[in-house]
Every structure is written in structure tokens, then in C-alpha cells.
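Asker: I'm passing along structure-v3.cif; it holds mmCIF, C-alpha atoms and all ligand atoms.
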```
data_run
#
loop_
_atom_site.label_atom_id
_atom_site.label_comp_id
_atom_site.auth_asym_id
_atom_site.auth_seq_id
_atom_site.Cartn_x
_atom_site.Cartn_y
_atom_site.Cartn_z
CA MET A 1 3.90 21.78 -5.90
CA THR A 2 4.87 18.12 -6.25
CA THR A 3 2.81 15.76 -8.35
CA ALA A 4 0.82 13.27 -6.31
CA ALA A 5 1.78 9.63 -6.95
CA VAL A 6 -1.88 8.75 -7.41
CA ARG A 7 -4.77 11.15 -7.91
CA VAL A 8 -8.17 9.60 -8.44
CA ARG A 9 -11.34 11.68 -8.84
CA GLY A 10 -14.90 10.46 -9.21
CA LEU A 11 -13.67 7.08 -10.40
CA THR A 12 -16.43 4.65 -11.22
CA ARG A 13 -16.27 1.16 -12.67
CA GLU A 14 -19.38 -0.76 -13.52
CA PHE A 15 -19.41 -4.44 -14.44
CA THR A 16 -22.35 -5.47 -16.57
CA ARG A 17 -23.41 -9.08 -16.32
CA ARG A 18 -25.86 -10.88 -18.52
CA ARG A 19 -29.31 -11.23 -16.96
CA ALA A 20 -28.14 -9.54 -13.77
CA GLN A 21 -28.10 -6.03 -12.36
CA PRO A 22 -24.92 -4.15 -13.30
CA ARG A 23 -22.52 -4.03 -10.38
CA LEU A 24 -20.67 -0.89 -9.28
CA ALA A 25 -17.25 -2.18 -8.23
CA LEU A 26 -16.10 1.43 -7.74
CA ASP A 27 -18.51 4.24 -7.00
CA ALA A 28 -17.21 7.82 -7.42
CA VAL A 29 -13.92 7.12 -5.65
CA ASP A 30 -11.62 10.01 -4.69
CA LEU A 31 -8.15 9.08 -3.47
CA THR A 32 -4.80 10.82 -3.28
CA VAL A 33 -1.49 9.13 -2.58
CA GLU A 34 1.12 11.80 -1.95
CA GLU A 35 4.64 11.33 -3.26
CA GLY A 36 6.83 9.29 -0.90
CA GLU A 37 3.91 8.02 1.16
CA VAL A 38 2.77 4.48 1.95
CA HIS A 39 -0.99 4.66 1.56
CA GLY A 40 -3.16 1.76 2.62
CA LEU A 41 -6.45 0.88 0.98
CA LEU A 42 -8.21 -1.13 3.65
CA GLY A 43 -11.35 -3.07 2.82
CA PRO A 44 -13.07 -6.45 3.04
CA ASN A 45 -13.39 -8.93 0.16
CA GLY A 46 -15.22 -7.47 -2.79
CA ALA A 47 -14.73 -3.85 -1.68
CA GLY A 48 -13.17 -2.86 -5.01
CA LYS A 49 -9.46 -2.87 -4.13
CA THR A 50 -8.29 -5.08 -7.00
CA THR A 51 -10.48 -3.20 -9.48
CA LEU A 52 -8.82 0.07 -8.46
CA CYS A 53 -5.31 -1.44 -8.74
CA LYS A 54 -6.15 -2.80 -12.19
CA ILE A 55 -7.34 0.62 -13.37
CA LEU A 56 -4.23 2.32 -11.96
CA SER A 57 -2.03 -0.22 -13.72
CA THR A 58 -3.87 0.38 -17.03
CA VAL A 59 -5.18 -3.17 -17.44
CA LEU A 60 -8.82 -2.16 -16.90
CA LEU A 61 -10.65 0.93 -18.14
CA PRO A 62 -12.76 3.04 -15.81
CA THR A 63 -16.41 3.63 -16.66
CA SER A 64 -16.08 7.30 -15.69
CA GLY A 65 -13.91 9.64 -13.65
CA THR A 66 -10.17 10.25 -13.83
CA ALA A 67 -7.05 8.60 -12.47
CA LEU A 68 -3.54 9.98 -12.73
CA VAL A 69 -0.41 8.04 -11.74
CA ASN A 70 2.76 10.12 -11.35
CA GLY A 71 0.80 12.83 -13.14
CA PHE A 72 -0.11 10.68 -16.18
CA ASP A 73 -3.62 9.72 -17.19
CA VAL A 74 -4.31 5.97 -17.03
CA VAL A 75 -6.51 6.07 -20.13
CA ARG A 76 -4.69 8.52 -22.42
CA GLU A 77 -1.06 8.11 -21.28
CA THR A 78 -0.79 4.38 -20.63
CA LYS A 79 2.82 4.11 -21.78
CA GLN A 80 4.07 6.76 -19.34
CA VAL A 81 1.95 5.29 -16.55
CA ARG A 82 3.39 1.80 -17.12
CA GLN A 83 6.95 3.12 -17.18
CA GLY A 84 6.57 4.65 -13.75
CA ILE A 85 4.90 1.83 -11.84
CA GLY A 86 5.70 -1.56 -10.39
CA ILE A 87 2.81 -3.91 -9.67
CA VAL A 88 2.68 -6.73 -7.17
CA PHE A 89 -0.49 -8.76 -7.18
CA GLY A 90 -0.90 -11.40 -4.50
CA GLY A 91 -0.84 -15.12 -5.29
CA GLU A 92 1.01 -16.92 -8.04
CA ARG A 93 -0.26 -14.85 -10.95
CA GLY A 94 2.56 -13.73 -13.19
CA LEU A 95 5.27 -16.11 -12.00
CA TYR A 96 6.50 -18.97 -14.17
CA THR A 97 6.78 -21.59 -11.49
CA ARG A 98 8.82 -24.08 -13.57
CA LEU A 99 11.47 -21.44 -14.23
CA THR A 100 14.01 -20.36 -11.63
CA ALA A 101 13.77 -17.07 -9.77
CA ARG A 102 16.62 -15.65 -11.86
CA GLN A 103 15.03 -16.79 -15.13
CA ASN A 104 11.73 -15.17 -14.15
CA LEU A 105 13.44 -11.86 -13.46
CA MET A 106 15.57 -12.03 -16.63
CA TYR A 107 12.41 -12.64 -18.62
CA TRP A 108 10.80 -9.54 -17.10
CA SER A 109 13.93 -7.48 -17.68
CA ALA A 110 13.76 -8.43 -21.36
CA LEU A 111 10.22 -7.01 -21.48
CA TYR A 112 11.68 -3.75 -20.19
CA GLN A 113 14.22 -4.01 -23.05
CA GLN A 114 17.17 -3.77 -20.72
CA PRO A 115 20.54 -4.81 -22.24
CA THR A 116 21.58 -8.28 -20.97
CA ARG A 117 24.60 -7.03 -19.02
CA VAL A 118 22.57 -4.36 -17.21
CA ALA A 119 19.71 -6.82 -16.63
CA LYS A 120 22.00 -9.49 -15.15
CA ALA A 121 23.48 -7.06 -12.66
CA ARG A 122 20.09 -5.61 -11.72
CA VAL A 123 18.56 -9.06 -11.30
CA ALA A 124 21.42 -10.23 -9.06
CA GLU A 125 21.07 -7.06 -6.97
CA LEU A 126 17.31 -7.56 -6.57
CA LEU A 127 17.69 -11.25 -5.70
CA GLU A 128 20.19 -10.33 -3.01
CA ARG A 129 18.02 -7.54 -1.68
CA MET A 130 15.00 -9.83 -1.40
CA GLY A 131 17.07 -12.50 0.37
CA LEU A 132 16.66 -14.90 -2.55
CA LEU A 133 20.22 -15.11 -3.89
CA GLU A 134 20.91 -18.55 -2.41
CA ARG A 135 17.81 -19.98 -4.07
CA ALA A 136 18.10 -17.90 -7.25
CA ASP A 137 18.63 -20.93 -9.48
CA ASP A 138 15.91 -23.14 -8.01
CA ALA A 139 12.53 -23.54 -9.67
CA VAL A 140 9.94 -21.15 -8.22
CA GLU A 141 7.55 -24.08 -7.64
CA THR A 142 9.80 -25.11 -4.73
CA PHE A 143 9.45 -21.69 -3.03
CA SER A 144 7.41 -20.85 0.05
CA ARG A 145 4.58 -18.33 -0.15
CA GLY A 146 6.78 -15.62 1.37
CA MET A 147 9.62 -16.28 -1.08
CA LYS A 148 7.22 -16.09 -4.01
CA GLN A 149 5.93 -12.75 -2.79
CA ARG A 150 9.46 -11.40 -2.40
CA LEU A 151 10.12 -12.54 -5.96
CA HIS A 152 6.97 -10.70 -7.03
CA LEU A 153 8.30 -7.59 -5.32
CA ALA A 154 11.66 -8.00 -7.10
CA ARG A 155 9.75 -8.25 -10.35
CA GLY A 156 7.83 -5.07 -9.51
CA LEU A 157 11.14 -3.27 -8.93
CA ILE A 158 12.85 -4.22 -12.20
CA GLY A 159 11.93 -0.99 -13.95
CA ASP A 160 13.01 1.06 -10.87
CA PRO A 161 9.50 2.51 -10.49
CA ARG A 162 8.62 5.66 -8.58
CA THR A 163 5.29 4.22 -7.55
CA LEU A 164 4.43 0.72 -6.41
CA LEU A 165 0.95 -0.82 -6.41
CA LEU A 166 0.83 -3.77 -4.01
CA ASP A 167 -2.46 -5.69 -4.07
CA GLU A 168 -2.86 -7.77 -0.88
CA PRO A 169 0.83 -8.70 -1.01
CA THR A 170 0.94 -10.60 2.29
CA VAL A 171 -2.18 -12.72 1.86
CA GLY A 172 -1.50 -16.33 2.83
CA MET A 173 1.93 -15.58 4.29
CA ASP A 174 2.93 -16.80 7.72
CA PRO A 175 3.34 -14.00 10.30
CA VAL A 176 7.16 -13.96 10.14
CA ALA A 177 7.22 -13.78 6.34
CA ALA A 178 4.56 -11.04 6.42
CA ARG A 179 6.62 -9.04 8.92
CA ASP A 180 9.75 -9.37 6.75
CA PHE A 181 7.75 -8.26 3.73
CA ARG A 182 6.49 -5.20 5.59
CA SER A 183 10.01 -4.18 6.52
CA LEU A 184 10.94 -4.38 2.82
CA VAL A 185 8.01 -2.06 2.11
CA ALA A 186 9.31 0.37 4.74
CA GLU A 187 12.78 0.26 3.10
CA LEU A 188 11.29 1.06 -0.30
CA ARG A 189 9.48 4.01 1.20
CA GLY A 190 12.82 5.13 2.67
CA GLU A 191 14.10 5.34 -0.91
CA GLY A 192 11.40 7.89 -1.66
CA ARG A 193 9.07 5.58 -3.57
CA SER A 194 5.33 6.03 -3.24
CA ILE A 195 3.35 2.93 -2.38
CA LEU A 196 -0.34 2.06 -2.55
CA ILE A 197 -0.92 -1.17 -0.64
CA THR A 198 -4.29 -2.87 -0.42
CA THR A 199 -5.15 -5.06 2.52
CA HIS A 200 -8.01 -6.37 4.60
CA ASP A 201 -5.76 -6.63 7.65
CA MET A 202 -6.11 -3.73 10.09
CA ALA A 203 -2.88 -4.61 11.89
CA GLU A 204 -1.00 -4.49 8.59
CA ALA A 205 -2.55 -1.13 7.72
CA GLU A 206 -1.59 0.20 11.13
CA SER A 207 1.98 -1.05 11.03
CA VAL A 208 3.11 -0.14 7.53
CA CYS A 209 1.06 2.85 6.31
CA ASP A 210 1.35 6.61 6.68
CA LYS A 211 -2.34 7.00 5.84
CA VAL A 212 -5.17 4.55 5.40
CA SER A 213 -8.25 4.94 3.20
CA LEU A 214 -11.22 2.78 4.08
CA ILE A 215 -13.13 1.26 1.19
CA ASP A 216 -16.34 -0.71 1.30
CA GLY A 217 -18.91 -1.54 -1.35
CA GLY A 218 -16.91 0.42 -3.95
CA LYS A 219 -16.92 3.64 -1.89
CA VAL A 220 -14.13 5.30 0.02
CA ILE A 221 -15.60 6.04 3.43
CA GLY A 222 -12.73 8.08 4.80
CA THR A 223 -8.99 8.43 5.19
CA GLU A 224 -7.52 7.86 8.62
CA SER A 225 -4.19 7.83 10.41
CA PRO A 226 -2.75 4.40 11.28
CA ARG A 227 -3.06 5.44 14.93
CA THR A 228 -6.84 5.68 14.53
CA ILE A 229 -6.94 2.18 13.03
CA GLY A 230 -4.92 0.90 16.01
CA GLY A 231 -7.36 2.66 18.34
CA TRP A 232 -10.31 0.88 16.72
CA MET A 233 -8.63 -2.48 17.16
CA SER A 234 -8.46 -2.00 20.91
CA LYS A 235 -11.74 -0.12 21.22
CA TYR A 236 -13.72 -2.94 19.59
CA GLU A 237 -11.67 -5.81 21.01
CA ARG A 238 -13.60 -9.00 21.86
CA VAL A 239 -13.30 -11.08 25.01
CA ARG A 240 -14.17 -14.79 25.12
CA ALA A 241 -14.56 -16.75 28.34
CA GLN A 242 -15.62 -20.23 29.43
CA GLY A 243 -17.56 -21.09 32.57
CA VAL A 244 -19.09 -17.68 33.29
CA PRO A 245 -21.95 -17.94 35.83
CA GLU A 246 -25.18 -16.05 35.06
CA GLU A 247 -24.64 -13.47 37.82
CA VAL A 248 -21.22 -12.60 36.34
CA ARG A 249 -22.78 -12.31 32.87
CA ALA A 250 -25.25 -9.82 34.33
CA LYS A 251 -22.36 -7.83 35.85
CA LEU A 252 -20.62 -7.77 32.46
CA ARG A 253 -23.79 -6.51 30.76
CA ALA A 254 -23.95 -3.63 33.23
CA LEU A 255 -20.37 -2.47 32.60
CA PRO A 256 -19.98 0.80 30.70
CA GLY A 257 -18.84 0.23 27.09
CA VAL A 258 -20.10 -3.35 26.86
CA SER A 259 -22.31 -3.61 23.79
CA GLU A 260 -23.17 -7.31 23.86
CA VAL A 261 -22.72 -10.40 26.02
CA ARG A 262 -23.59 -13.42 23.93
CA VAL A 263 -23.66 -17.05 24.99
CA GLU A 264 -22.44 -19.24 22.13
CA ASP A 265 -23.49 -22.84 21.44
CA ASP A 266 -20.69 -24.34 23.49
CA GLU A 267 -21.51 -22.17 26.53
CA GLU A 268 -18.64 -19.88 25.64
CA VAL A 269 -19.42 -16.26 26.40
CA LEU A 270 -18.48 -13.65 23.81
CA VAL A 271 -18.31 -10.06 25.07
CA SER A 272 -18.24 -7.20 22.55
CA VAL A 273 -17.22 -3.70 23.58
CA ASP A 274 -17.38 -0.33 21.89
CA ALA A 275 -15.46 2.03 24.14
CA GLU A 276 -11.81 2.60 24.94
CA GLY A 277 -10.83 0.72 28.13
CA ALA A 278 -13.99 -1.41 28.24
CA ALA A 279 -12.15 -4.65 27.36
CA ALA A 280 -9.86 -4.09 30.36
CA ARG A 281 -12.92 -3.65 32.63
CA VAL A 282 -14.37 -6.91 31.30
CA LEU A 283 -11.12 -8.78 31.95
CA ARG A 284 -10.90 -7.40 35.48
CA THR A 285 -14.49 -8.42 36.25
CA LEU A 286 -13.89 -11.95 34.96
CA VAL A 287 -10.63 -12.39 36.86
CA ASP A 288 -12.20 -11.02 40.08
CA ALA A 289 -15.02 -13.58 39.67
CA GLY A 290 -12.47 -16.40 39.41
CA VAL A 291 -13.02 -17.06 35.69
CA SER A 292 -9.66 -18.08 34.27
CA ALA A 293 -10.44 -19.45 30.78
CA VAL A 294 -10.32 -16.05 29.10
CA SER A 295 -8.93 -14.87 25.77
CA THR A 296 -9.10 -11.68 23.75
CA SER A 297 -9.22 -11.25 19.99
CA ARG A 298 -9.22 -8.41 17.53
CA PRO A 299 -12.51 -7.39 15.97
CA SER A 300 -13.04 -8.26 12.32
CA LEU A 301 -12.82 -5.48 9.77
CA GLU A 302 -16.52 -5.95 9.03
CA GLU A 303 -17.42 -5.32 12.68
CA VAL A 304 -15.32 -2.18 12.84
CA TYR A 305 -16.86 -0.93 9.60
CA LEU A 306 -20.35 -1.40 10.99
CA HIS A 307 -19.45 0.87 13.90
CA VAL A 308 -17.65 3.44 11.76
CA ILE A 309 -20.35 3.53 9.10
CA GLY A 310 -23.03 3.72 11.82
CA ASP A 311 -21.22 6.52 13.69
CA ARG A 312 -20.84 8.54 10.50
CA GLY A 313 -24.40 7.97 9.38
CA LEU A 314 -23.18 6.49 6.10
CA ALA A 315 -25.06 3.91 4.09
CA VAL A 316 -22.59 1.95 2.01
CA ARG A 317 -23.57 -1.64 1.49
N1 LIG A 401 -14.62 -9.03 -14.19
C1 LIG A 401 -15.62 -8.85 -13.36
N2 LIG A 401 -16.89 -9.06 -13.74
C2 LIG A 401 -17.93 -8.85 -12.90
N3 LIG A 401 -17.81 -8.41 -11.64
C3 LIG A 401 -16.57 -8.18 -11.19
C4 LIG A 401 -15.40 -8.38 -12.01
N4 LIG A 401 -14.31 -8.06 -11.29
C5 LIG A 401 -14.76 -7.67 -10.07
N5 LIG A 401 -16.10 -7.74 -10.01
C6 LIG A 401 -16.95 -7.39 -8.85
O1 LIG A 401 -16.58 -6.11 -8.39
C7 LIG A 401 -16.56 -6.05 -6.98
C8 LIG A 401 -15.21 -5.59 -6.48
O2 LIG A 401 -14.25 -6.63 -6.73
P1 LIG A 401 -12.69 -6.49 -6.39
O3 LIG A 401 -12.03 -7.75 -6.85
O4 LIG A 401 -12.19 -5.21 -6.92
O5 LIG A 401 -12.72 -6.43 -4.81
P2 LIG A 401 -11.53 -6.59 -3.77
O6 LIG A 401 -11.72 -5.52 -2.75
O7 LIG A 401 -10.22 -6.63 -4.47
O8 LIG A 401 -11.84 -7.96 -3.11
P3 LIG A 401 -10.98 -9.31 -3.07
O9 LIG A 401 -10.00 -9.10 -1.97
O10 LIG A 401 -12.01 -10.34 -2.78
O11 LIG A 401 -10.36 -9.44 -4.45
C9 LIG A 401 -16.95 -7.44 -6.50
O12 LIG A 401 -18.32 -7.44 -6.21
C10 LIG A 401 -16.68 -8.32 -7.68
O13 LIG A 401 -17.54 -9.42 -7.71
#
```
I'd like the structure from this file rewritten - as C-alpha cells, please.
Ligand SMILES: Nc1ncnc2c1ncn2[C@@H]1O[C@H](COP(=O)(O)OP(=O)(O)OP(=O)(O)O)[C@@H](O)[C@H]1O
Answerer:
Amino acid sequence: MTTAAVRVRGLTREFTRRRAQPRLALDAVDLTVEEGEVHGLLGPNGAGKTTLCKILSTVLLPTSGTALVNGFDVVRETKQVRQGIGIVFGGERGLYTRLTARQNLMYWSALYQQPTRVAKARVAELLERMGLLERADDAVETFSRGMKQRLHLARGLIGDPRTLLLDEPTVGMDPVAARDFRSLVAELRGEGRSILITTHDMAEAESVCDKVSLIDGGKVIGTESPRTIGGWMSKYERVRAQGVPEEVRAKLRALPGVSEVRVEDDEEVLVSVDAEGAAARVLRTLVDAGVSAVSTSRPSLEEVYLHVIGDRGLAVR
């Protein structure tokens, strides 16, 4: 039997705050990331994703429960855990923006106690791989968001880790940079590395993950296939339209799978659906009625969670 990359059981983390109720950031979480898998942890802001990543990377202690990374315990075997992981937190944390990309990576290599010759070669290889070689000797403060994140990823790879923890790595990136980043993630998976990636973006979870665990209010509410996530995005799609006469609104309300037809302040009509194919029926009805100012948008994660939690009879928040 192979060792799971991440095995979390009954993991709880409580934050106590003065003069306030203690807050359960993680509440009896169970999660398994199999070796060689890209596992998404999908959840809205405040769900507990960063707290879990911090515990797995040994910078925060759990209140109770166990967490093993590459078979090592995050509380008792911190050294072995750290040796086997690479961490990429979103944002600018951890980068020295006045130093160049190469200097940042050389600094991190020194922390791994790599001999200078080995470090230089490894750093050059990583810069090339991340498409940063041309800008390797420019200060990081001149980099775009996407370039900084690729540098973060290079940093996470310095120790050649078996397991990568990526905490919202594409937040704030433009769509092209985010797509490039995701293909790097797919390449790393191709090398047999295991990856836990947190996100609040359903499309990201669908496109890059082998499995996706849903987290909300500190609880894991299920593990799904990316195909299921994609299905939810179309099932709960929203349709917006301008200039919809009342009789057409009534027709929309009567369509199967339409859960709400709401008139917004600016007379825009927002149609919510909760069945496969219902959005297409709405579009057809609008087009047949001569309404042309129509657009569709994905549901928010919060909306999807309300449906999923409702359907499963779960009480999370
Ligand atoms: N150091 C802390 N002290 C007190 N409460 C905290 C602390 N860190 C996190 N929390 C609380 O724990 C909960 C989970 O936070 P966490 O940062 O893990 O969520 P998240 O899913 O990563 O969300 P985000 O994407 O907003 O960072 C939140 O309610 C947060 O306010």
C-alpha cells in the first residue's frame, strides 16, 4: 500500500479571542490526498483553507486530531514533513521584492543548505522552467502578479518536494496568467508529485484537479469529481436580461427548473435555475420573445453551496 500524500483525521483548530466566543476554523476535518493526485480544497473566504495549509506545513499546531504528510506527523515529525513539502502561499508573502528573482531563489537554496554550485544550477533550471530566465536579474518589485506567483512556485520546488501545498495560488492573476499557472501544476503532477491546491474558484477546481473536497465553515462537506463541479456550474447558471415584459417574466417563472425570476433595481431581470438544461430553456424563451439583451453568468460558490448543503440536509454555517 502506498502512503497517502496527506492524511488528515478529525482535525480541529480553535482560535480563542479575548472577550469573544472561540472560533472553530477547522471542525473535525477528514481529508486524504492520494500520492500523485491533484486534490482541490474548494471553499469560500473564511472556510478554513489557509488554516489547514498552515497546519500541514507545520507553522500552526492543531487543537486536536491528526495530520500526516508523506506519512509523517505534522506535530511530532516536523523536520521530515518540512523536507518533503513545497509551499506556495498566494500574494507577496515570502518574496523579497527588492532582490532579483535569482537572488530570492539563491537565498532559499541556502536555507536548504545546498552547495552553491548545485544551487546555482538548480535555480537556473527553475527560472527557465517557470519562464523567468529573461527577467531573472530584475528586482521582483517590477514583476507582474503572474510572474511573482511563478517565482513562488519555483521557490516551492527548490527542495524537490514530493508534495506541494498551493494556497490560492492564482488569486489576483489575469486569466491568461492563471491558465499558464494551471498548466505548470498539471506538469508537476505529470512528474508524480502530489498537490493540494486551495481555491474558491469552481472553474479552477474543475480544470486542474483529480478530486475536489468542499469545505465550508471549517467542515469538509464532501469530496467530488471535477466533472460534478462542472455540472453544478451549468446546473445553477444565471441568466440576466434587460427589457423583459411582464408576460414573458410569467412564462419564465412557469418553466421547469426555474427557481427564481427577480427584477433588480435597474429593471434587469435575473433568472436563477436549479436543473440541468433549464438555463437553455430560459434563453430560448427570451430569444423567442424578441429579448436580445441577454447574458449568462456562473453561479457563485456560495449559491452552489446553499443548494448542495440543502440537498444533503447538512447544517454547516
Ligand atoms: N490567527 C487567527 N486568529 C483568530 N481567528 C483566525 C486566525 N486565523 C484564522 N482565523 C479564523 O478562522 C477562520 C478560517 O480562516 P482561514 O484563513 O483558514 O480561511 P480561508 O478559507 O483560508 O479563507 P481566506 O481565503 O479568506 O483566507 C476564519 O473565520 C478566520 O477569521
Asker: Would you place a box with edges along x, y and z of the file around all atoms of ligand LIG 401 (chain A) listed there, add 6 Å to each of its six sides, and report the centre and edge lengths in Å to one decimal, as JSON?
Answerer:
```
{"center_x": -14.2, "center_y": -7.8, "center_z": -8.1, "size_x": 20.3, "size_y": 17.1, "size_z": 24.2}
```
Asker: Neighbours of ligand LIG 401 (chain A) within 12 Å, counting only C-alpha atoms and all ligand atoms, as a CSV table (one decimal) with C-alpha atoms, in the coordinates of the input?
Answerer:
```csv
chain,number,residue,atom,x,y,z
A,12,THR,CA,-16.4,4.6,-11.2
A,13,ARG,CA,-16.3,1.2,-12.7
A,14,GLU,CA,-19.4,-0.8,-13.5
A,15,PHE,CA,-19.4,-4.4,-14.4
A,16,THR,CA,-22.4,-5.5,-16.6
A,17,ARG,CA,-23.4,-9.1,-16.3
A,18,ARG,CA,-25.9,-10.9,-18.5
A,20,ALA,CA,-28.1,-9.5,-13.8
A,21,GLN,CA,-28.1,-6.0,-12.4
A,22,PRO,CA,-24.9,-4.2,-13.3
A,23,ARG,CA,-22.5,-4.0,-10.4
A,24,LEU,CA,-20.7,-0.9,-9.3
A,25,ALA,CA,-17.2,-2.2,-8.2
A,26,LEU,CA,-16.1,1.4,-7.7
A,27,ASP,CA,-18.5,4.2,-7.0
A,41,LEU,CA,-6.4,0.9,1.0
A,42,LEU,CA,-8.2,-1.1,3.6
A,43,GLY,CA,-11.4,-3.1,2.8
A,44,PRO,CA,-13.1,-6.4,3.0
A,45,ASN,CA,-13.4,-8.9,0.2
A,46,GLY,CA,-15.2,-7.5,-2.8
A,47,ALA,CA,-14.7,-3.8,-1.7
A,48,GLY,CA,-13.2,-2.9,-5.0
A,49,LYS,CA,-9.5,-2.9,-4.1
A,50,THR,CA,-8.3,-5.1,-7.0
A,51,THR,CA,-10.5,-3.2,-9.5
A,52,LEU,CA,-8.8,0.1,-8.5
A,53,CYS,CA,-5.3,-1.4,-8.7
A,54,LYS,CA,-6.2,-2.8,-12.2
A,55,ILE,CA,-7.3,0.6,-13.4
A,59,VAL,CA,-5.2,-3.2,-17.4
A,60,LEU,CA,-8.8,-2.2,-16.9
A,61,LEU,CA,-10.6,0.9,-18.1
A,89,PHE,CA,-0.5,-8.8,-7.2
A,90,GLY,CA,-0.9,-11.4,-4.5
A,91,GLY,CA,-0.8,-15.1,-5.3
A,166,LEU,CA,0.8,-3.8,-4.0
A,167,ASP,CA,-2.5,-5.7,-4.1
A,168,GLU,CA,-2.9,-7.8,-0.9
A,169,PRO,CA,0.8,-8.7,-1.0
A,170,THR,CA,0.9,-10.6,2.3
A,171,VAL,CA,-2.2,-12.7,1.9
A,197,ILE,CA,-0.9,-1.2,-0.6
A,198,THR,CA,-4.3,-2.9,-0.4
A,199,THR,CA,-5.2,-5.1,2.5
A,200,HIS,CA,-8.0,-6.4,4.6
A,201,ASP,CA,-5.8,-6.6,7.6
A,214,LEU,CA,-11.2,2.8,4.1
A,215,ILE,CA,-13.1,1.3,1.2
A,216,ASP,CA,-16.3,-0.7,1.3
A,217,GLY,CA,-18.9,-1.5,-1.4
A,218,GLY,CA,-16.9,0.4,-4.0
A,219,LYS,CA,-16.9,3.6,-1.9
A,220,VAL,CA,-14.1,5.3,0.0
A,317,ARG,CA,-23.6,-1.6,1.5
```
Asker: With distances taken over all atoms listed in the file, which residue among A:Gly230, A:Leu157, A:Val75, A:Thr223 lies nearest A:Thr32?
Answerer: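 Going through A:Gly230, A:Leu157, A:Val75, A:Thr223 one by one, the smallest distance to A:Thr32 is for A:Thr223.
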Asker: State, in Å with one decimal place, the distance from atom CA of A:Arg240 to atom CA of A:Arg298.
Answerer: 11.1 Å
Asker: May I ask which of the residues A:Met173, A:Ala178, A:Val269, A:Leu68 is the closest one to A:Ser295, counting all atoms listed in the file?
Answerer: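 With all atoms listed in the file as the atom set, the closest residue is A:Val269.
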Asker: Would you please work out which residue, of A:His39, A:His152, A:Arg76, A:Arg122, is nearest to A:Leu95 when using only C-alpha atoms?
Answerer: A:His152
Asker: Residues near A:Phe143, anyone? I mean within 12 Å using only C-alpha atoms, not counting same-chain ones fewer than 6 positions away, as a list in words.
Answerer: Glu92, Leu95, Tyr96, Thr97, Arg98, Leu99, Thr100, Ala101, Leu132, Glu134, Arg135, Ala136, Asp137, Gln149, Arg150, Leu151 and His152 of chain A
Asker: Please list, as a PyMOL selection string, the residues that have an atom at most 12 Å away from (-15.2, -19.0, 28.4) in the coordinates of this file, counting all atoms listed in the file.
Answerer: chain A and resi 239-245+248-249+261-271+283+286-287+290-296
Asker: So, counting all atoms listed in the file, which residue among A:Ser297, A:Thr3, A:Thr78, A:Thr66 is closest to A:Arg162?
Answerer: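 Looking at the shortest contact to A:Arg162, the residue is A:Thr3.
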Asker: Using atom CA of A:Arg182 and atom CA of A:Glu34 as the two end points, give the distance in Å to one decimal.
Answerer: 19.4 Å
Asker: Pick out the closest residue to A:Ala275 from this set: A:Glu303, A:Gly65, A:Arg253, A:Gly231. Count all atoms listed in the file.
Answerer: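 So, comparing all the options, the nearest one is A:Gly231.
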Asker: Between A:Ile85, A:Lys79, A:Gly222, A:Glu206, single out the one closest to A:Ile309, counting all atoms listed in the file.
Answerer: A:Gly222
Asker: Name the residues in contact with A:Asp174 at a cut-off of 12 Å, using all atoms listed in the file, excluding same-chain residues fewer than 4 positions from it; report them as JSON, numbers by chain.
Answerer: {"A": [144, 145, 146, 147, 149, 170, 178, 179, 180, 181]}
Asker: Applying 8 Å and all atoms listed in the file, which residues near A:Leu252 remain after dropping the ones on its own chain fewer than 6 positions away? List them as number ranges by chain.
Answerer: A: 258, 261, 282, 285
Asker: Atom CA of A:Ala278 and atom CA of A:Pro256 are how many Å apart?
Answerer: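 Result for atom CA of A:Ala278 versus atom CA of A:Pro256: 6.8 Å, one decimal.
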Asker: Find the residues around A:Arg227 up to 10 Å (only C-alpha atoms counted), leave out those fewer than 4 positions away in its own chain, and share them as a VMD selection string.
Answerer: chain A and resid 205 to 207 209 to 212 231 to 233
Asker: Could you give me, as a list in words, the residues within 12 Å of A:Gln83, counting all atoms listed in the file and dropping anything in the same chain fewer than 4 positions from it?
Answerer: Ser57, Thr58, Val69, Asn70, Phe72, Val74, Glu77, Thr78, Lys79, Ile87, Leu111, Tyr112, Gln113, Gly156, Leu157, Ile158, Gly159, Asp160, Pro161, Arg162, Thr163 and Leu164 of chain A
